[in-house]
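Text of the file model_33.txt, holding compact mmCIF, C-alpha atoms and all ligand atoms:
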```
# COMPACT_ATOMS: atom_id res chain seq x y z
CA MET A 1 93.26 73.38 75.08
CA LEU A 2 92.20 75.40 78.06
CA ASP A 3 95.34 76.17 80.05
CA LEU A 4 94.43 76.88 83.63
CA PHE A 5 97.98 77.76 84.59
CA SER A 6 98.86 80.45 82.11
CA GLY A 7 98.32 84.14 82.53
CA GLU A 8 97.09 85.86 85.63
CA ALA A 9 94.92 84.25 88.25
CA PRO A 10 91.27 85.34 87.97
CA TRP A 11 91.47 86.99 91.39
CA SER A 12 94.46 89.12 90.49
CA GLU A 13 93.82 92.66 89.39
CA PRO A 14 96.73 94.75 88.07
CA LEU A 15 96.64 98.37 89.23
CA ALA A 16 99.78 99.78 87.66
CA GLU A 17 103.26 98.52 86.83
CA GLY A 18 104.49 96.66 89.93
CA ALA A 19 101.15 96.96 91.76
CA LEU A 20 98.66 94.11 92.00
CA ILE A 21 95.49 93.42 94.00
CA LEU A 22 95.05 89.77 94.98
CA ARG A 23 91.35 89.68 95.77
CA ARG A 24 90.43 87.55 98.81
CA PHE A 25 93.96 86.11 98.91
CA ALA A 26 93.95 86.14 102.75
CA LEU A 27 90.33 85.06 103.24
CA VAL A 28 91.07 81.54 104.53
CA GLN A 29 93.74 82.78 106.97
CA ALA A 30 91.72 85.78 108.16
CA GLY A 31 90.55 84.13 111.40
CA ASP A 32 94.13 83.17 112.35
CA LEU A 33 95.41 86.66 111.49
CA LEU A 34 92.74 88.28 113.68
CA LYS A 35 93.59 86.01 116.61
CA GLU A 36 97.24 87.03 116.30
CA ILE A 37 96.29 90.72 116.11
CA GLU A 38 94.41 90.26 119.40
CA HIS A 39 97.50 88.72 121.05
CA ILE A 40 99.78 91.47 119.75
CA ALA A 41 97.43 94.22 120.89
CA ALA A 42 97.07 92.66 124.35
CA ARG A 43 100.79 93.27 124.92
CA ASN A 44 101.33 96.29 122.67
CA PRO A 45 98.00 98.14 122.53
CA PHE A 46 96.88 100.20 119.55
CA TYR A 47 97.42 103.93 119.97
CA HIS A 48 97.14 107.12 117.97
CA ARG A 49 100.48 108.48 116.86
CA ILE A 50 101.20 112.20 116.88
CA THR A 51 102.73 113.36 113.61
CA PRO A 52 105.87 115.52 113.61
CA GLY A 53 103.51 118.39 112.77
CA GLY A 54 101.62 117.81 116.03
CA HIS A 55 98.47 116.17 114.65
CA ARG A 56 96.90 113.10 116.25
CA MET A 57 96.39 110.44 113.60
CA SER A 58 92.82 109.08 113.35
CA VAL A 59 94.17 105.59 112.59
CA ALA A 60 95.33 103.64 115.67
CA MET A 61 98.50 101.56 115.23
CA THR A 62 100.59 98.78 116.67
CA ASN A 63 103.37 96.64 115.12
CA CYS A 64 105.03 93.27 115.16
CA GLY A 65 108.37 92.05 113.84
CA ASP A 66 111.92 93.24 114.55
CA PHE A 67 111.00 96.86 113.90
CA GLY A 68 107.90 99.01 114.29
CA TRP A 69 106.92 102.22 112.57
CA SER A 70 107.14 105.17 114.97
CA THR A 71 106.87 108.93 115.02
CA ASP A 72 108.42 111.67 117.09
CA SER A 73 109.04 115.39 116.78
CA ARG A 74 111.92 114.72 114.38
CA GLY A 75 109.98 112.57 111.97
CA TYR A 76 109.15 108.96 111.17
CA GLN A 77 111.43 106.02 111.79
CA TYR A 78 111.48 102.28 112.46
CA ARG A 79 112.37 101.31 116.03
CA ARG A 80 112.88 98.11 117.99
CA GLU A 81 110.84 99.38 120.95
CA ASP A 82 107.25 100.41 121.34
CA GLN A 83 107.47 103.95 122.74
CA GLN A 84 104.20 103.56 124.64
CA SER A 85 104.75 100.22 126.42
CA GLY A 86 108.55 100.52 126.52
CA HIS A 87 109.11 96.93 125.39
CA ARG A 88 110.13 95.44 122.09
CA TRP A 89 107.62 94.63 119.42
CA PRO A 90 106.34 91.04 119.47
CA ALA A 91 107.80 88.62 116.93
CA MET A 92 106.08 88.42 113.57
CA PRO A 93 103.76 85.38 113.74
CA ALA A 94 104.64 82.60 111.31
CA CYS A 95 101.23 82.82 109.60
CA PHE A 96 101.80 86.56 108.95
CA ARG A 97 105.20 85.99 107.37
CA ALA A 98 104.04 83.03 105.28
CA LEU A 99 101.13 84.99 103.85
CA ALA A 100 103.28 88.04 103.02
CA VAL A 101 105.99 85.97 101.33
CA GLN A 102 103.38 84.00 99.36
CA ALA A 103 101.63 87.16 98.17
CA ALA A 104 104.89 88.86 97.18
CA GLY A 105 105.87 85.71 95.26
CA ALA A 106 102.51 85.67 93.45
CA ALA A 107 103.29 89.22 92.30
CA GLY A 108 106.77 88.23 91.12
CA PHE A 109 108.85 89.41 94.11
CA ARG A 110 110.76 86.26 95.06
CA GLU A 111 113.08 87.51 97.77
CA PHE A 112 110.80 89.35 100.13
CA ASN A 113 111.85 88.99 103.75
CA PRO A 114 109.84 91.46 105.85
CA ASP A 115 111.29 92.64 109.18
CA ALA A 116 108.38 94.93 110.11
CA CYS A 117 104.60 94.69 110.09
CA LEU A 118 102.57 97.82 110.80
CA ILE A 119 99.01 97.08 111.96
CA ASN A 120 96.52 99.89 111.33
CA ARG A 121 93.09 99.97 112.96
CA TYR A 122 90.34 102.14 111.48
CA ALA A 123 87.18 103.10 113.37
CA PRO A 124 84.39 104.92 111.49
CA GLY A 125 85.70 108.25 110.19
CA ALA A 126 89.38 107.24 110.42
CA LYS A 127 91.39 108.04 107.31
CA LEU A 128 94.88 108.22 105.94
CA THR A 129 95.70 111.25 103.81
CA LEU A 130 97.74 110.88 100.63
CA HIS A 131 101.35 109.98 101.44
CA GLN A 132 104.34 108.02 100.20
CA ASP A 133 106.01 105.17 102.10
CA LYS A 134 109.68 106.04 101.89
CA ASP A 135 111.05 105.42 105.39
CA GLU A 136 112.36 101.98 104.39
CA LYS A 137 116.00 101.52 103.48
CA ASP A 138 115.71 99.45 100.31
CA LEU A 139 112.95 100.73 98.06
CA ARG A 140 113.45 97.79 95.71
CA GLN A 141 111.61 95.67 98.29
CA PRO A 142 107.83 95.69 97.85
CA ILE A 143 105.18 96.39 100.50
CA VAL A 144 102.45 93.80 101.01
CA SER A 145 99.14 95.05 102.42
CA VAL A 146 96.35 92.87 103.87
CA SER A 147 92.87 94.27 104.50
CA LEU A 148 90.53 92.79 107.14
CA GLY A 149 87.11 93.79 108.40
CA LEU A 150 85.04 96.70 107.10
CA PRO A 151 85.64 97.77 103.49
CA ALA A 152 87.49 101.00 102.71
CA VAL A 153 88.05 103.14 99.66
CA PHE A 154 91.71 103.19 98.79
CA LEU A 155 93.18 106.05 96.75
CA PHE A 156 96.24 105.61 94.65
CA GLY A 157 97.88 108.36 92.75
CA GLY A 158 101.08 109.14 90.97
CA PHE A 159 104.49 110.30 92.01
CA GLU A 160 103.44 113.77 93.06
CA ARG A 161 100.76 114.64 95.57
CA GLU A 162 98.86 116.68 92.97
CA ALA A 163 98.62 113.86 90.41
CA ALA A 164 95.20 112.36 89.59
CA THR A 165 94.07 109.51 91.86
CA GLN A 166 92.18 106.30 91.22
CA ARG A 167 89.80 104.71 93.72
CA ARG A 168 89.45 101.05 94.61
CA LEU A 169 87.41 99.32 97.28
CA LEU A 170 89.52 97.10 99.55
CA GLU A 171 87.55 94.39 101.31
CA HIS A 172 88.07 91.66 103.90
CA GLY A 173 90.83 89.32 102.74
CA ASP A 174 92.14 91.50 99.89
CA VAL A 175 95.92 91.68 99.55
CA VAL A 176 97.82 94.34 97.60
CA VAL A 177 101.46 94.12 96.56
CA TRP A 178 103.31 97.37 95.78
CA GLY A 179 106.70 97.19 94.24
CA GLY A 180 108.87 98.17 91.34
CA PRO A 181 107.90 101.49 89.79
CA SER A 182 104.74 101.72 91.97
CA ARG A 183 106.61 101.56 95.24
CA LEU A 184 106.69 105.35 95.62
CA ARG A 185 103.16 106.15 94.48
CA PHE A 186 101.10 108.43 96.66
CA HIS A 187 98.22 106.59 98.32
CA GLY A 188 95.63 107.01 101.08
CA ILE A 189 92.37 105.78 102.60
CA LEU A 190 89.07 107.75 102.59
CA PRO A 191 87.21 108.12 105.92
CA LEU A 192 85.87 104.72 106.95
CA LYS A 193 82.11 104.25 106.67
CA ALA A 194 80.42 102.87 109.79
CA GLY A 195 79.30 99.25 109.69
CA ILE A 196 79.52 95.91 111.41
CA HIS A 197 81.74 93.18 110.06
CA PRO A 198 80.94 89.63 111.27
CA GLN A 199 84.59 88.94 112.23
CA CYS A 200 85.90 92.43 113.09
CA GLY A 201 82.92 94.33 114.45
CA ALA A 202 83.11 98.08 113.87
CA PHE A 203 86.71 98.11 112.62
CA ARG A 204 88.90 97.75 109.61
CA TYR A 205 92.44 96.40 110.06
CA ASN A 206 95.28 96.72 107.62
CA LEU A 207 98.58 94.89 107.88
CA THR A 208 101.51 96.26 105.90
CA PHE A 209 104.57 94.07 105.60
CA ARG A 210 107.79 95.90 105.01
CA ARG A 211 111.53 95.43 104.81
CA ALA A 212 112.58 98.38 106.97
CA PHE A 213 116.38 97.86 107.02
C1 LIG A 301 101.06 102.13 97.67
N1 LIG A 301 98.13 101.86 104.71
O1 LIG A 301 100.23 101.94 106.37
S1 LIG A 301 97.50 99.84 102.37
C2 LIG A 301 100.33 102.59 105.31
O2 LIG A 301 94.95 100.59 104.25
C3 LIG A 301 99.18 102.62 104.39
O3 LIG A 301 96.00 101.16 106.03
C4 LIG A 301 96.88 101.90 104.00
O4 LIG A 301 99.22 103.30 103.43
C5 LIG A 301 95.87 101.15 104.81
O5 LIG A 301 101.34 103.21 104.97
C6 LIG A 301 96.96 101.47 102.60
C7 LIG A 301 97.97 99.90 100.68
C8 LIG A 301 99.35 100.41 100.40
C9 LIG A 301 100.40 100.19 101.24
C10 LIG A 301 101.66 100.60 100.89
C11 LIG A 301 101.90 101.24 99.70
C12 LIG A 301 99.57 101.07 99.24
C13 LIG A 301 100.84 101.48 98.87
C14 LIG A 301 103.19 101.65 99.30
C15 LIG A 301 103.39 102.27 98.10
C16 LIG A 301 102.32 102.53 97.29
FE FE A 302 101.27 103.94 103.10
```
Here is the file; what I need is its structure written in the form of structure tokens.
Ligand code: MD3
Ligand code: FE
Amino acid sequence: MLDLFSGEAPWSEPLAEGALILRRFALVQAGDLLKEIEHIAARNPFYHRITPGGHRMSVAMTNCGDFGWSTDSRGYQYRREDQQSGHRWPAMPACFRALAVQAAGAAGFREFNPDACLINRYAPGAKLTLHQDKDEKDLRQPIVSVSLGLPAVFLFGGFEREAATQRRLLEHGDVVVWGGPSRLRFHGILPLKAGIHPQCGAFRYNLTFRRAF
């Protein structure tokens, strides 16, 4: 008998141990997510962080949740306040949290309770060079990433910067869960190609849900 409930869902695409793409997983919620991004950015506008090395990042960022990802001359850290506006980050909207918890669960991470959501905005040409996400306290917690708007080529590598990388296209509504042994893989985004997305115009947005502390 055909068992529709065994094995992986047809829209799930394993990348490596602990890493899974859930294609179009956030498609239905995308409109709600974008409305919330607009509210968050109205109070805490996107801006370009300066890295500890003095470089202006091409990706513009804001955050929501108890903690936001920040940079200063000493390095990277999660903070309660937005250094630009001076006030705290807005609460994580319920629809953000629900989506992140649902996606983590679909990938087998049952106790994900994010306290930070970094919102990246890419304009044409914006990129993210290969890096590891290791500023979070408990690396056993996964990261859930949600892509919206223009498509981007995502690079994922190994555990050293020099290791070979694979390329995947991430499109509107795609969700990726990174945990277990893949949590510390190097990854990045190639320069965004110009285009117009019906819901996001000239931009790509990426939400990353994290347990910072
Ligand atoms: C692999 N963001 O914000 S999401 C980041 O599309 C970041 O904006 C990218 O890398 C973006 O730090 C990529 C996919 C992703 C997120 C976290 C990961 C891949 C990951 C953590 C570990 C390994
Ligand atoms: Fe990252």
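For ligand FE 302 (chain A), the neighbouring protein, DNA and RNA residues, which are those within 10 Å when all atoms listed in the file are counted, are A:Leu118, A:Leu128, A:Thr129, A:Leu130, A:His131, A:Gln132, A:Asp133, A:Lys134, A:Ile143, A:Ser145, A:Phe156, A:Arg183, A:Leu184, A:Arg185, A:Phe186, A:His187, A:Gly188, A:Ile189, A:Thr208.
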From A:Pro114, A:Gly31, A:Pro151, A:Gly53, residue lying nearest A:Tyr76 [all atoms listed in the file]: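 Checking each of A:Pro114, A:Gly31, A:Pro151, A:Gly53 against A:Tyr76, counting all atoms listed in the file, the winner is A:Gly53.
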With only C-alpha atoms as the atoms that count, which of A:Leu192, A:Val59, A:Leu207, A:Ala104 lies nearest to A:Val177? A:Ala104
Which residues come within 12 Å of A:Arg56, counting only C-alpha atoms, excluding same-chain residues fewer than 2 positions away, as a list in words? Tyr47, His48, Arg49, Ile50, Thr51, Pro52, Gly53, Gly54, Ser58, Val59, Ala60, Met61, Thr71, Asp72, Ala126, Lys127 and Leu128 of chain A
With 9 Å as the cut-off and only C-alpha atoms counted, what is the closest atom pair between each nearby residue of stretch 26-143 of chain A and stretch 8-21 of chain A? Distances in Å to one decimal, ordered by chain and number, as a Markdown table.
```
| residue | atom | partner | partner_atom | distance |
| --- | --- | --- | --- | --- |
| A:Ala107 | CA | A:Leu20 | CA | 6.7 |
| A:Gly108 | CA | A:Gly18 | CA | 8.8 |
| A:Pro142 | CA | A:Gly18 | CA | 8.7 |
```
As a list in words, please: the residues near A:Thr165 (cut-off 7 Å, only C-alpha atoms, same-chain neighbours under 2 positions excluded). Leu155, Phe156, Gly157, Ala163 and Arg167 of chain A
One decimal, in Å: what's the spacing between atom CA of A:His55 and atom CA of A:Arg121? 17.2 Å
Using only C-alpha atoms, which residues sit within 12 Å of stretch 25-30 of chain A once same-chain residues fewer than 6 positions away are excluded, as a PyMOL selection string? chain A and resi 9-13+36-37+94-100+102-104+106-107+144-149+170-177+198-200+205-207
Where's the centre, and what are the edge lengths in Å to one decimal, of a box along x, y and z enclosing all listed atoms of ligand LIG 301 (chain A) padded 8 Å per side, as JSON?
```
{"center_x": 99.2, "center_y": 101.6, "center_z": 101.8, "size_x": 24.4, "size_y": 19.5, "size_z": 25.1}
```
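Rounded to one decimal, atom CA of A:Ala212 and atom CA of A:Cys64 lie 12.3 Å from each other.
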Go ahead and compute the interatomic distance for atom CA of A:Pro124 and atom CA of A:Leu150, in Å to one decimal.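 Atom CA of A:Pro124 sits 9.3 Å away from atom CA of A:Leu150.
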